[in-house]
Every structure is written in C-alpha cells, then in structure tokens.
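Presented below is the structure to which this report refers.
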Amino acid sequence: MLLPSCLLLSGLFFCSADPFLLEAQKIMSTTPAIDGHNDLPWQMLSRFNNQLSLPAANLSQLQGTHTNLPKLKTGHVGAQFWAAYVPCETQNKDAVKRTLEQIDVIHRMCLQYPEALTCVTSSAGIEEAFRTGRVASLIGVEGGHSVDSSLGVLRTFYQLGVRYMTLTHSCNTPWADNWLVDTAAEEPVHHGLSSFGKRVVKEMNRLGMMVDLAHVSVETMNDALSVSSAPVIFSHSSAYALCPHRRNVPDDVLLRVKETHGLVMVNFYNDYVSCSSKATLAQVADHMDYIKRVAGAEAVGLGGDYDGVGRLPVGLEDVSKYPDLVAELLRRGWTESEVRGALADNLLRVFQEVEQVRDRLSLEAALPDDVPIAFEELQGSCRTRYGYLARADQTY
C-alpha cells in the first residue's frame, strides 16, 4: 500500500503530494507512455497549411492545441503515433497526395525539433528513444482511402515510415466497410472485407505494418481478425459495453483480441467514453478496467485522440495529464507490471510480434502481392485505365 509522505509539525500532519501520482511519475520515468493516436499533424495542416516555419507553429510554444513539446514532456510521453489523416472527401480525388503531405510534415517535425522528437520505424527504435529521452515519433495512416485501393501505394507508404494503417475512416472504401454501416446512417456494402480487402491485410502482414481496426464495422473487425497472421490494434477505441457507440469495441471482439494477442488503445473522446458531451478521467479508467477484465491486462493501451476531438474528459484536458490517469489506475489496484503494460509494454509486444511475422514471411520468400484491384471495383470518374487495357499488340 502506498502511503503519503508526511511531516508532523506542531501536532499537525502535513502531507506532500498524492502518493499514487508520485508512484506514477516514478514508473513513467523508466516506462513512458506510448500513445496510439494523435492528430497534431492535422492541426499543422488546418491551422498553418503545414508551414512549420511560421512563428505561431512553433511546437515549443504552440497554443490552442492539446499537444506541444512541453506538454509531451510533462506527460511523460515517450512514443507517439502521429496520424497522417486526410478526410474522406479526398477519396477518389487527391487522397494519396494529401496523405503524402501529412507524412512529410511528420518527418519535418522530427527534423525541426531533433532535441525532442526522433522519427523511428521499429520497436527497437522506440526502446532506443526511451533511452535517449526523446519522443519516438511514428506514423499511422488513418483511413484506407489514403492508399486509393493500391497495394503499390501501401508498400510505398511503408517505405516512407508508415507502421500502421486504419483500414477505414468514417467512409467505406472499395474493399472495406466502416463503422457507420452498424448504424442507421449507412448500409453494408462488403459485409466486412472484400476479397481485395483481405489481400490488403495479408500484404500489411508481409510488410510488417500493423492492422488498425479503429473506425471499421464489426464485420470488418472480425474479417481482419480471421485473416491477419499478426496481432491487430485498435489505435483509438474504447469499450462498447460501457458506451454503446459503434466506434467502440464489443465484447465478442474483445475476446477475439485476447485470443489473438491484440491491443485496444483506449480513446479519450467524451462521446466514446460516456456517450455524452461530458466525461471524467475516472470514466476513462473504467474503460481500461473493463478491457482488462474481458480481454486481459495485456490487451490495454492508450490512444487519446488528442488534437482530433473537441471534447475531452475533466482531468485529461491535454497530453500532460497521462500521469494523473496512471495514478488513478494505481489507486484502483493495478500492479506495476500491469501499468507498465498499458503504458508501453503491450504495444511493444504487439509491434514485435508484427515484426516477427514479417521476418518469418520474408524467410519463406513471400513475394509482394502485385495483382491490382479489379477496375470495376474502383470508384470515381477521374481515372485512367493504363495496364487494365494491356494488349499483346499494344505499342508504347
């Protein structure tokens, strides 16, 4: 049991800080937080058109956001998956170009602030960043529409440092259904993953790119869990049983996450925490408790969704507040090992298993999947048919 540090003066006890917070900070000094999803790059685009050279865009002094460099340091954030996000309205238009620009701005963040950020692409890179005290910066592409149904684009993103892709955002792709089909807003198109969508997952396994199931429909979740030979993640989702929002993970899927050694990184957005406009830090801890109870402590992680949402719980207003959440877990009886798992070790384990699957497939001489999606499955009118109309007598 943790006891406060107290002094007896003039017959009165004066106690110092919350002992659970002190213990949280001690733990986080050696196991800092890995967060699965932060939309600061979108703020860079929407506020500054990705012009990091502007004085107002200085990450050391940035105002009006949930994230800046001092807040990351106070929050003991040791690794961050930055979202390379572009809206669904870019689908079948300029999604690939826009996503490349968001990947570029993440790389430039690392270049401009080398004392604070280091771009890494592996689990070993995260661990090395922990040792140097910099924030390991990784890239997650938020939405399969960003690859424009191209396995070649997927592979190119991997070469540029992308280490997870969310299969959909809040729109269907030509090969996967999103979470809105589980509501009255949309009808299912593929009832999960199409045959091409299953090939996307297998190619991600071959590359060593984590499969992210935040934002997808329940049928898509189950298809991906059946197809993937590596553990999957939910980079920013919570427990459906506590807040029945279709962006959250239902119990039957949580059990499959447990069976396949995957990870649910709990989202802090009020609407997914309490299903209302207001929420508290304690309610976020409730989600972590629940996922721990159903799927095991090894399945719990952090995916705050900072700078991508407009409403956050009281007590978790920005990225500096992670120690307060860890203190609450300790107060509830989480062991040090369980806390270290939720902070970082669980994500590192999943990442390492994904890398091991990649290495095994490489030893088996698995080749890149070079069969394109059928032209008829593509959408949008602004497309050429090069390759699809290839003929033996065609000259170039």
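Following the order of the structure tokens, chains are lettered A, B, ..., residues in each are numbered from 1, and ligands are numbered from 1.
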
His236 of chain A surroundings by only C-alpha atoms, 12 Å radius, close-in-sequence under 3 positions cut, as a ChimeraX atom specification: /A:35-39,81-83,140,142,166,169,212-216,233,239,247-249,263-269,272-273,300-306,308-309

Could you make a table, as a tab-separated table, of the residues of segment 77-172 of chain A that have an atom within 9 Å of an atom of segment 347-357 of chain A, each with its nearest atom pair and distance in Å to one decimal, counting only C-alpha atoms, in chain and number order?
```
residue	atom	partner	partner_atom	distance
A:Ser122	CA	A:Phe351	CA	7.7
A:Ser123	CA	A:Leu348	CA	5.9
A:Ala124	CA	A:Gln352	CA	8.6
A:Ile126	CA	A:Leu348	CA	8.2
A:Glu127	CA	A:Leu348	CA	8.6
```

DSSP strand (DSSP E or B) residues within segment 205-376 of chain A, listed as a VMD selection string: chain A and resid 210 to 212 216 233 to 234 239 249 263 to 266 280 300 to 302 306 314

Any chance you can output those residues with C-alpha atoms as a JSON list (two decimals), in the first residue's frame?
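Resulting contents of out-v7.json:
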```
[["chain", "number", "residue", "atom", "x", "y", "z"],
["A", 210, "MET", "CA", 0.16, -3.07, -38.03],
["A", 211, "VAL", "CA", -3.51, -3.52, -38.93],
["A", 212, "ASP", "CA", -5.62, -0.89, -37.13],
["A", 216, "VAL", "CA", -14.24, -0.16, -39.03],
["A", 233, "ILE", "CA", -4.59, -2.99, -32.81],
["A", 234, "PHE", "CA", -7.43, -0.57, -32.21],
["A", 239, "ALA", "CA", -15.34, -0.48, -24.74],
["A", 249, "VAL", "CA", -15.23, -2.49, -29.42],
["A", 263, "LEU", "CA", -4.42, -4.43, -28.28],
["A", 264, "VAL", "CA", -7.17, -1.87, -27.64],
["A", 265, "MET", "CA", -5.74, 1.61, -27.07],
["A", 266, "VAL", "CA", -8.42, 3.48, -25.15],
["A", 280, "THR", "CA", -14.20, 12.29, -16.49],
["A", 300, "VAL", "CA", -4.95, -2.49, -22.76],
["A", 301, "GLY", "CA", -3.21, 0.58, -24.19],
["A", 302, "LEU", "CA", -3.58, 4.35, -24.59],
["A", 306, "TYR", "CA", -5.68, 14.36, -28.76],
["A", 314, "VAL", "CA", -12.19, 16.53, -16.96]]
```

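Closest to Glu186 of chain A among A:Val147, A:Gln43, A:Asn172, A:Ser277 is A:Asn172, based on only C-alpha atoms.
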
I'd like the contact shell of Pro368 of chain A - 10 Å cut-off, only C-alpha atoms, skipping same-chain residues fewer than 6 positions apart - returned as a short mmCIF file (atom, residue, chain, number, x, y, z; two decimals) with N, CA, C and O atoms, in the first residue's frame.
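The resulting file, out.cif, is reproduced below:
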```cif
data_model
loop_
_atom_site.label_atom_id
_atom_site.label_comp_id
_atom_site.auth_asym_id
_atom_site.auth_seq_id
_atom_site.Cartn_x
_atom_site.Cartn_y
_atom_site.Cartn_z
N LEU A 151 -2.06 -1.50 -53.77
CA LEU A 151 -1.05 -2.18 -52.96
C LEU A 151 0.33 -1.55 -53.16
O LEU A 151 1.16 -1.56 -52.26
N GLY A 152 0.54 -0.98 -54.34
CA GLY A 152 1.80 -0.28 -54.60
C GLY A 152 1.93 0.96 -53.73
O GLY A 152 3.01 1.24 -53.18
N ARG A 155 2.69 -0.18 -50.16
CA ARG A 155 4.11 -0.52 -49.99
C ARG A 155 4.98 0.74 -49.94
O ARG A 155 5.94 0.82 -49.17
N LYS A 202 -3.25 -9.08 -45.66
CA LYS A 202 -2.13 -10.01 -45.81
C LYS A 202 -0.87 -9.30 -46.27
O LYS A 202 0.24 -9.63 -45.83
N GLU A 203 -1.02 -8.30 -47.12
CA GLU A 203 0.15 -7.55 -47.56
C GLU A 203 0.71 -6.71 -46.42
O GLU A 203 1.94 -6.55 -46.30
N ARG A 206 2.81 -9.00 -44.48
CA ARG A 206 4.08 -9.27 -45.14
C ARG A 206 5.06 -8.12 -44.95
O ARG A 206 6.26 -8.32 -44.74
N LEU A 207 4.52 -6.89 -44.99
CA LEU A 207 5.37 -5.71 -44.83
C LEU A 207 5.84 -5.51 -43.40
O LEU A 207 6.94 -4.98 -43.16
#
```

Exercise: Asn92 of chain A partners within 9 Å, only C-alpha atoms, chain neighbours under 2 positions left out, as number ranges by chain: A: 89-90, 94-95, 145, 148, 378-383

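The list of residues with at least one atom within 9 Å of Ser194 of chain A, based on only C-alpha atoms and without residues fewer than 5 positions apart in the same chain, reads Pro174, Trp175, Ala176, Asp177 and Arg199 of chain A.
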
Go ahead and dump the residues you just picked, N, CA, C and O atoms, as a compact mmCIF listing (two decimals), in the first residue's frame.
```txt
# COMPACT_ATOMS: atom_id res chain seq x y z
N PRO A 174 -13.50 0.90 -51.46
CA PRO A 174 -13.95 -0.15 -52.39
C PRO A 174 -13.70 -1.56 -51.90
O PRO A 174 -14.06 -2.52 -52.57
N TRP A 175 -13.12 -1.70 -50.68
CA TRP A 175 -12.78 -3.03 -50.19
C TRP A 175 -13.04 -3.26 -48.70
O TRP A 175 -12.79 -4.35 -48.19
N ALA A 176 -13.61 -2.27 -47.98
CA ALA A 176 -13.86 -2.45 -46.55
C ALA A 176 -15.01 -1.54 -46.11
O ALA A 176 -15.16 -0.41 -46.58
N ASP A 177 -15.81 -2.04 -45.15
CA ASP A 177 -16.91 -1.27 -44.57
C ASP A 177 -16.46 -0.58 -43.29
O ASP A 177 -15.72 -1.15 -42.49
N ARG A 199 -6.70 -9.25 -49.00
CA ARG A 199 -5.33 -9.22 -49.54
C ARG A 199 -4.56 -8.01 -49.00
O ARG A 199 -3.34 -8.09 -48.79
```

Any chance you could list, as an mmCIF file with all heavy atoms, in the first residue's frame, the residues in segment 166-242 of chain A that come up helix (DSSP H, G or I) when DSSP is run on the backbone?
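Output saved as out_13.cif:
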```
data_model
loop_
_atom_site.group_PDB
_atom_site.id
_atom_site.type_symbol
_atom_site.label_atom_id
_atom_site.label_comp_id
_atom_site.auth_asym_id
_atom_site.auth_seq_id
_atom_site.Cartn_x
_atom_site.Cartn_y
_atom_site.Cartn_z
ATOM 1 N N TRP A 179 -17.491 1.893 -39.688
ATOM 2 C CA TRP A 179 -18.373 1.726 -38.533
ATOM 3 C C TRP A 179 -19.790 2.245 -38.753
ATOM 4 O O TRP A 179 -20.740 1.776 -38.108
ATOM 5 C CB TRP A 179 -17.777 2.413 -37.301
ATOM 6 C CG TRP A 179 -17.699 3.913 -37.378
ATOM 7 C CD1 TRP A 179 -16.713 4.668 -37.940
ATOM 8 C CD2 TRP A 179 -18.656 4.850 -36.870
ATOM 9 N NE1 TRP A 179 -16.990 6.009 -37.830
ATOM 10 C CE2 TRP A 179 -18.169 6.146 -37.162
ATOM 11 C CE3 TRP A 179 -19.870 4.718 -36.185
ATOM 12 C CZ2 TRP A 179 -18.866 7.303 -36.808
ATOM 13 C CZ3 TRP A 179 -20.562 5.871 -35.826
ATOM 14 C CH2 TRP A 179 -20.061 7.147 -36.140
ATOM 15 N N LEU A 180 -19.974 3.177 -39.660
ATOM 16 C CA LEU A 180 -21.303 3.755 -39.875
ATOM 17 C C LEU A 180 -22.296 2.746 -40.435
ATOM 18 O O LEU A 180 -23.509 2.935 -40.298
ATOM 19 C CB LEU A 180 -21.205 4.973 -40.800
ATOM 20 C CG LEU A 180 -20.605 6.229 -40.167
ATOM 21 C CD1 LEU A 180 -20.310 7.286 -41.224
ATOM 22 C CD2 LEU A 180 -21.525 6.782 -39.086
ATOM 23 N N VAL A 181 -21.824 1.652 -41.038
ATOM 24 C CA VAL A 181 -22.770 0.640 -41.534
ATOM 25 C C VAL A 181 -23.417 -0.118 -40.381
ATOM 26 O O VAL A 181 -24.412 -0.829 -40.598
ATOM 27 C CB VAL A 181 -22.106 -0.345 -42.525
ATOM 28 C CG1 VAL A 181 -21.378 0.404 -43.640
ATOM 29 C CG2 VAL A 181 -21.178 -1.323 -41.822
ATOM 30 N N ASP A 182 -22.879 0.013 -39.172
ATOM 31 C CA ASP A 182 -23.502 -0.593 -37.999
ATOM 32 C C ASP A 182 -24.519 0.333 -37.356
ATOM 33 O O ASP A 182 -25.055 0.033 -36.283
ATOM 34 C CB ASP A 182 -22.421 -0.968 -36.971
ATOM 35 C CG ASP A 182 -21.510 -2.080 -37.463
ATOM 36 O OD1 ASP A 182 -21.982 -2.931 -38.241
ATOM 37 O OD2 ASP A 182 -20.331 -2.091 -37.078
ATOM 38 N N SER A 195 -12.672 -9.493 -51.070
ATOM 39 C CA SER A 195 -11.509 -10.360 -51.310
ATOM 40 C C SER A 195 -10.241 -9.525 -51.448
ATOM 41 O O SER A 195 -9.169 -9.907 -50.946
ATOM 42 C CB SER A 195 -11.723 -11.221 -52.553
ATOM 43 O OG SER A 195 -11.938 -10.401 -53.696
ATOM 44 N N PHE A 196 -10.337 -8.349 -52.067
ATOM 45 C CA PHE A 196 -9.174 -7.473 -52.161
ATOM 46 C C PHE A 196 -8.800 -6.942 -50.782
ATOM 47 O O PHE A 196 -7.604 -6.837 -50.453
ATOM 48 C CB PHE A 196 -9.445 -6.303 -53.118
ATOM 49 C CG PHE A 196 -8.261 -5.386 -53.292
ATOM 50 C CD1 PHE A 196 -7.214 -5.724 -54.120
ATOM 51 C CD2 PHE A 196 -8.194 -4.179 -52.595
ATOM 52 C CE1 PHE A 196 -6.110 -4.888 -54.269
ATOM 53 C CE2 PHE A 196 -7.100 -3.331 -52.735
ATOM 54 C CZ PHE A 196 -6.060 -3.692 -53.581
ATOM 55 N N GLY A 197 -9.791 -6.607 -49.963
ATOM 56 C CA GLY A 197 -9.510 -6.118 -48.614
ATOM 57 C C GLY A 197 -8.748 -7.135 -47.786
ATOM 58 O O GLY A 197 -7.849 -6.778 -47.009
ATOM 59 N N LYS A 198 -9.078 -8.403 -47.948
ATOM 60 C CA LYS A 198 -8.340 -9.448 -47.236
ATOM 61 C C LYS A 198 -6.898 -9.515 -47.726
ATOM 62 O O LYS A 198 -5.974 -9.751 -46.940
ATOM 63 C CB LYS A 198 -9.045 -10.788 -47.409
ATOM 64 C CG LYS A 198 -10.415 -10.823 -46.724
ATOM 65 C CD LYS A 198 -11.186 -12.089 -47.026
ATOM 66 C CE LYS A 198 -12.553 -12.049 -46.356
ATOM 67 N NZ LYS A 198 -13.369 -13.239 -46.674
ATOM 68 N N ARG A 199 -6.695 -9.251 -49.002
ATOM 69 C CA ARG A 199 -5.326 -9.220 -49.537
ATOM 70 C C ARG A 199 -4.557 -8.010 -48.997
ATOM 71 O O ARG A 199 -3.339 -8.087 -48.789
ATOM 72 C CB ARG A 199 -5.362 -9.220 -51.057
ATOM 73 C CG ARG A 199 -5.763 -10.592 -51.635
ATOM 74 C CD ARG A 199 -6.092 -10.510 -53.118
ATOM 75 N NE ARG A 199 -5.061 -9.792 -53.840
ATOM 76 C CZ ARG A 199 -5.282 -9.063 -54.935
ATOM 77 N NH1 ARG A 199 -6.512 -8.945 -55.423
ATOM 78 N NH2 ARG A 199 -4.290 -8.442 -55.531
ATOM 79 N N VAL A 200 -5.250 -6.891 -48.775
ATOM 80 C CA VAL A 200 -4.601 -5.726 -48.164
ATOM 81 C C VAL A 200 -4.049 -6.103 -46.785
ATOM 82 O O VAL A 200 -2.899 -5.790 -46.450
ATOM 83 C CB VAL A 200 -5.583 -4.540 -48.041
ATOM 84 C CG1 VAL A 200 -4.989 -3.430 -47.177
ATOM 85 C CG2 VAL A 200 -5.948 -3.998 -49.421
ATOM 86 N N VAL A 201 -4.861 -6.791 -45.989
ATOM 87 C CA VAL A 201 -4.424 -7.201 -44.649
ATOM 88 C C VAL A 201 -3.214 -8.132 -44.748
ATOM 89 O O VAL A 201 -2.226 -7.980 -44.009
ATOM 90 C CB VAL A 201 -5.583 -7.885 -43.894
ATOM 91 C CG1 VAL A 201 -5.077 -8.550 -42.609
ATOM 92 C CG2 VAL A 201 -6.677 -6.872 -43.577
ATOM 93 N N LYS A 202 -3.254 -9.077 -45.662
ATOM 94 C CA LYS A 202 -2.131 -10.012 -45.807
ATOM 95 C C LYS A 202 -0.865 -9.295 -46.269
ATOM 96 O O LYS A 202 0.244 -9.629 -45.832
ATOM 97 C CB LYS A 202 -2.505 -11.123 -46.795
ATOM 98 C CG LYS A 202 -3.571 -12.073 -46.267
ATOM 99 C CD LYS A 202 -3.931 -13.144 -47.288
ATOM 100 C CE LYS A 202 -4.985 -14.089 -46.743
ATOM 101 N NZ LYS A 202 -5.398 -15.121 -47.740
ATOM 102 N N GLU A 203 -1.022 -8.299 -47.119
ATOM 103 C CA GLU A 203 0.154 -7.547 -47.565
ATOM 104 C C GLU A 203 0.714 -6.706 -46.420
ATOM 105 O O GLU A 203 1.939 -6.547 -46.300
ATOM 106 C CB GLU A 203 -0.194 -6.671 -48.766
ATOM 107 C CG GLU A 203 1.002 -5.982 -49.415
ATOM 108 C CD GLU A 203 1.987 -6.928 -50.097
ATOM 109 O OE1 GLU A 203 1.806 -8.166 -50.040
ATOM 110 O OE2 GLU A 203 2.959 -6.431 -50.692
ATOM 111 N N MET A 204 -0.154 -6.181 -45.571
ATOM 112 C CA MET A 204 0.318 -5.462 -44.389
ATOM 113 C C MET A 204 1.099 -6.404 -43.475
ATOM 114 O O MET A 204 2.140 -6.031 -42.934
ATOM 115 C CB MET A 204 -0.865 -4.831 -43.650
ATOM 116 C CG MET A 204 -1.531 -3.701 -44.424
ATOM 117 S SD MET A 204 -3.045 -3.086 -43.651
ATOM 118 C CE MET A 204 -2.377 -2.186 -42.246
ATOM 119 N N ASN A 205 0.626 -7.642 -43.314
ATOM 120 C CA ASN A 205 1.372 -8.644 -42.553
ATOM 121 C C ASN A 205 2.741 -8.879 -43.157
ATOM 122 O O ASN A 205 3.758 -8.937 -42.440
ATOM 123 C CB ASN A 205 0.621 -9.976 -42.523
ATOM 124 C CG ASN A 205 -0.636 -9.978 -41.680
ATOM 125 O OD1 ASN A 205 -1.471 -10.874 -41.810
ATOM 126 N ND2 ASN A 205 -0.801 -9.003 -40.811
ATOM 127 N N ARG A 206 2.807 -9.002 -44.476
ATOM 128 C CA ARG A 206 4.084 -9.274 -45.138
ATOM 129 C C ARG A 206 5.056 -8.115 -44.951
ATOM 130 O O ARG A 206 6.261 -8.324 -44.742
ATOM 131 C CB ARG A 206 3.865 -9.532 -46.639
ATOM 132 C CG ARG A 206 5.105 -10.049 -47.366
ATOM 133 C CD ARG A 206 4.926 -9.977 -48.874
ATOM 134 N NE ARG A 206 4.863 -8.601 -49.345
ATOM 135 C CZ ARG A 206 5.914 -7.823 -49.549
ATOM 136 N NH1 ARG A 206 7.144 -8.280 -49.321
ATOM 137 N NH2 ARG A 206 5.766 -6.579 -49.960
ATOM 138 N N LEU A 207 4.521 -6.895 -44.986
ATOM 139 C CA LEU A 207 5.370 -5.714 -44.835
ATOM 140 C C LEU A 207 5.840 -5.507 -43.398
ATOM 141 O O LEU A 207 6.936 -4.982 -43.163
ATOM 142 C CB LEU A 207 4.600 -4.468 -45.270
ATOM 143 C CG LEU A 207 4.344 -4.286 -46.766
ATOM 144 C CD1 LEU A 207 3.320 -3.189 -47.001
ATOM 145 C CD2 LEU A 207 5.645 -3.988 -47.502
ATOM 146 N N VAL A 218 -18.112 -3.913 -37.365
ATOM 147 C CA VAL A 218 -17.873 -5.147 -36.609
ATOM 148 C C VAL A 218 -17.544 -6.296 -37.556
ATOM 149 O O VAL A 218 -16.657 -7.113 -37.272
ATOM 150 C CB VAL A 218 -19.083 -5.479 -35.717
ATOM 151 C CG1 VAL A 218 -18.924 -6.857 -35.076
ATOM 152 C CG2 VAL A 218 -19.254 -4.416 -34.631
ATOM 153 N N GLU A 219 -18.217 -6.375 -38.695
ATOM 154 C CA GLU A 219 -17.899 -7.440 -39.658
ATOM 155 C C GLU A 219 -16.475 -7.284 -40.196
ATOM 156 O O GLU A 219 -15.767 -8.279 -40.386
ATOM 157 C CB GLU A 219 -18.903 -7.438 -40.813
ATOM 158 C CG GLU A 219 -20.259 -8.006 -40.436
ATOM 159 C CD GLU A 219 -21.197 -8.097 -41.628
ATOM 160 O OE1 GLU A 219 -21.491 -7.032 -42.217
ATOM 161 O OE2 GLU A 219 -21.633 -9.205 -41.970
ATOM 162 N N THR A 220 -16.053 -6.048 -40.412
ATOM 163 C CA THR A 220 -14.679 -5.814 -40.854
ATOM 164 C C THR A 220 -13.694 -6.209 -39.768
ATOM 165 O O THR A 220 -12.650 -6.811 -40.045
ATOM 166 C CB THR A 220 -14.482 -4.346 -41.270
ATOM 167 O OG1 THR A 220 -15.408 -4.014 -42.316
ATOM 168 C CG2 THR A 220 -13.062 -4.096 -41.770
ATOM 169 N N MET A 221 -14.016 -5.863 -38.502
ATOM 170 C CA MET A 221 -13.171 -6.302 -37.390
ATOM 171 C C MET A 221 -12.968 -7.817 -37.435
ATOM 172 O O MET A 221 -11.837 -8.319 -37.369
ATOM 173 C CB MET A 221 -13.819 -5.928 -36.050
ATOM 174 C CG MET A 221 -13.926 -4.462 -35.731
ATOM 175 S SD MET A 221 -14.820 -4.225 -34.144
ATOM 176 C CE MET A 221 -15.186 -2.470 -34.225
ATOM 177 N N ASN A 222 -14.068 -8.539 -37.529
ATOM 178 C CA ASN A 222 -13.990 -9.999 -37.476
ATOM 179 C C ASN A 222 -13.274 -10.582 -38.685
ATOM 180 O O ASN A 222 -12.487 -11.530 -38.553
ATOM 181 C CB ASN A 222 -15.392 -10.585 -37.324
ATOM 182 C CG ASN A 222 -15.894 -10.525 -35.891
ATOM 183 O OD1 ASN A 222 -15.239 -11.017 -34.975
ATOM 184 N ND2 ASN A 222 -17.037 -9.908 -35.686
ATOM 185 N N ASP A 223 -13.514 -10.022 -39.868
ATOM 186 C CA ASP A 223 -12.792 -10.497 -41.055
ATOM 187 C C ASP A 223 -11.290 -10.293 -40.893
ATOM 188 O O ASP A 223 -10.493 -11.183 -41.193
ATOM 189 C CB ASP A 223 -13.284 -9.768 -42.304
ATOM 190 C CG ASP A 223 -14.545 -10.383 -42.894
ATOM 191 O OD1 ASP A 223 -14.985 -11.439 -42.387
ATOM 192 O OD2 ASP A 223 -15.096 -9.807 -43.851
ATOM 193 N N ALA A 224 -10.898 -9.104 -40.433
ATOM 194 C CA ALA A 224 -9.466 -8.812 -40.286
ATOM 195 C C ALA A 224 -8.830 -9.715 -39.231
ATOM 196 O O ALA A 224 -7.715 -10.208 -39.417
ATOM 197 C CB ALA A 224 -9.262 -7.350 -39.918
ATOM 198 N N LEU A 225 -9.545 -9.959 -38.138
ATOM 199 C CA LEU A 225 -9.024 -10.849 -37.096
ATOM 200 C C LEU A 225 -8.858 -12.268 -37.620
ATOM 201 O O LEU A 225 -7.944 -12.986 -37.204
ATOM 202 C CB LEU A 225 -9.956 -10.828 -35.887
ATOM 203 C CG LEU A 225 -9.831 -9.595 -34.981
ATOM 204 C CD1 LEU A 225 -11.075 -9.407 -34.125
ATOM 205 C CD2 LEU A 225 -8.594 -9.708 -34.100
ATOM 206 N N SER A 226 -9.729 -12.675 -38.538
ATOM 207 C CA SER A 226 -9.624 -14.023 -39.114
ATOM 208 C C SER A 226 -8.498 -14.128 -40.133
ATOM 209 O O SER A 226 -7.845 -15.169 -40.236
ATOM 210 C CB SER A 226 -10.953 -14.406 -39.777
ATOM 211 O OG SER A 226 -11.992 -14.513 -38.831
ATOM 212 N N VAL A 227 -8.255 -13.056 -40.860
ATOM 213 C CA VAL A 227 -7.284 -13.089 -41.959
ATOM 214 C C VAL A 227 -5.864 -12.817 -41.488
ATOM 215 O O VAL A 227 -4.903 -13.435 -41.962
ATOM 216 C CB VAL A 227 -7.679 -12.069 -43.051
ATOM 217 C CG1 VAL A 227 -6.571 -11.913 -44.081
ATOM 218 C CG2 VAL A 227 -8.968 -12.502 -43.729
#
```

Contacts of Met109 of chain A within 9 Å, only C-alpha atoms, excl. fewer than 4 positions in-chain, as JSON, numbers by chain: {"A": [41, 52, 59, 104, 105, 113, 114, 117, 118, 119]}

Taking C-alpha atoms for each residue, export the selection above as a short mmCIF file (atom, residue, chain, number, x, y, z; two decimals), in the first residue's frame.
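Contents of the output file part-v1.cif:
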```
data_model
loop_
_atom_site.label_atom_id
_atom_site.label_comp_id
_atom_site.auth_asym_id
_atom_site.auth_seq_id
_atom_site.Cartn_x
_atom_site.Cartn_y
_atom_site.Cartn_z
CA PRO A 41 -0.28 16.87 -37.93
CA LEU A 52 6.24 24.69 -39.67
CA LEU A 59 5.90 23.31 -31.32
CA ASP A 104 6.07 14.75 -44.96
CA VAL A 105 5.04 17.13 -42.18
CA TYR A 113 12.98 19.50 -33.31
CA PRO A 114 15.72 16.84 -33.14
CA LEU A 117 11.49 14.19 -31.40
CA THR A 118 13.06 11.30 -33.28
CA CYS A 119 11.31 9.54 -36.15
#
```

Hey, which bits of segment 18-92 of chain A sit within 9 Å of segment 316-332 of chain A, and for each residue what's the closest pair of atoms and how far apart in Å (one decimal), counting only C-alpha atoms, rows by chain and increasing number, as CSV?
```
residue,atom,partner,partner_atom,distance
A:Asp18,CA,A:Ala327,CA,8.6
A:Pro19,CA,A:Ala327,CA,8.4
A:Phe20,CA,A:Ala327,CA,4.8
A:Leu21,CA,A:Ala327,CA,4.7
A:Leu22,CA,A:Ala327,CA,8.0
A:Glu23,CA,A:Ala327,CA,7.3
A:Ala24,CA,A:Ala327,CA,5.3
A:Gln25,CA,A:Pro323,CA,6.1
A:Met28,CA,A:Pro323,CA,7.7
A:Ala33,CA,A:Tyr322,CA,7.7
A:Thr65,CA,A:Asp318,CA,8.0
A:His66,CA,A:Asp318,CA,4.5
A:Thr67,CA,A:Val319,CA,5.9
A:Asn68,CA,A:Val319,CA,8.3
A:Pro70,CA,A:Ser320,CA,8.2
A:Lys71,CA,A:Ser320,CA,4.6
A:Leu72,CA,A:Ser320,CA,5.9
A:Lys73,CA,A:Ser320,CA,7.3
A:Thr74,CA,A:Ser320,CA,5.1
A:Gly75,CA,A:Ser320,CA,3.7
A:His76,CA,A:Tyr322,CA,7.3
A:Val77,CA,A:Val319,CA,7.8
```

Distance in Å - atom CA of Gly144 of chain A versus atom CA of Asp370 of chain A: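 So the two atoms, atom CA of Gly144 of chain A and atom CA of Asp370 of chain A, lie 17.8 Å apart.
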
Please provide the set of residues having any atom within 6 Å of Pro231 of chain A, restricted to only C-alpha atoms, with same-chain residues fewer than 5 positions apart removed, written as an mmCIF file with N, CA and C atoms, in the first residue's frame.
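selection.cif was written with the following content:
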```
data_model
loop_
_atom_site.group_PDB
_atom_site.id
_atom_site.type_symbol
_atom_site.label_atom_id
_atom_site.label_comp_id
_atom_site.auth_asym_id
_atom_site.auth_seq_id
_atom_site.Cartn_x
_atom_site.Cartn_y
_atom_site.Cartn_z
ATOM 1 N N THR A 260 -6.014 -13.507 -29.909
ATOM 2 C CA THR A 260 -5.004 -13.234 -30.941
ATOM 3 C C THR A 260 -3.901 -12.302 -30.461
ATOM 4 N N HIS A 261 -3.890 -11.989 -29.162
ATOM 5 C CA HIS A 261 -2.836 -11.182 -28.538
ATOM 6 C C HIS A 261 -2.784 -9.753 -29.071
ATOM 7 N N GLY A 262 -3.956 -9.203 -29.386
ATOM 8 C CA GLY A 262 -4.018 -7.843 -29.908
ATOM 9 C C GLY A 262 -4.107 -6.803 -28.810
#
```
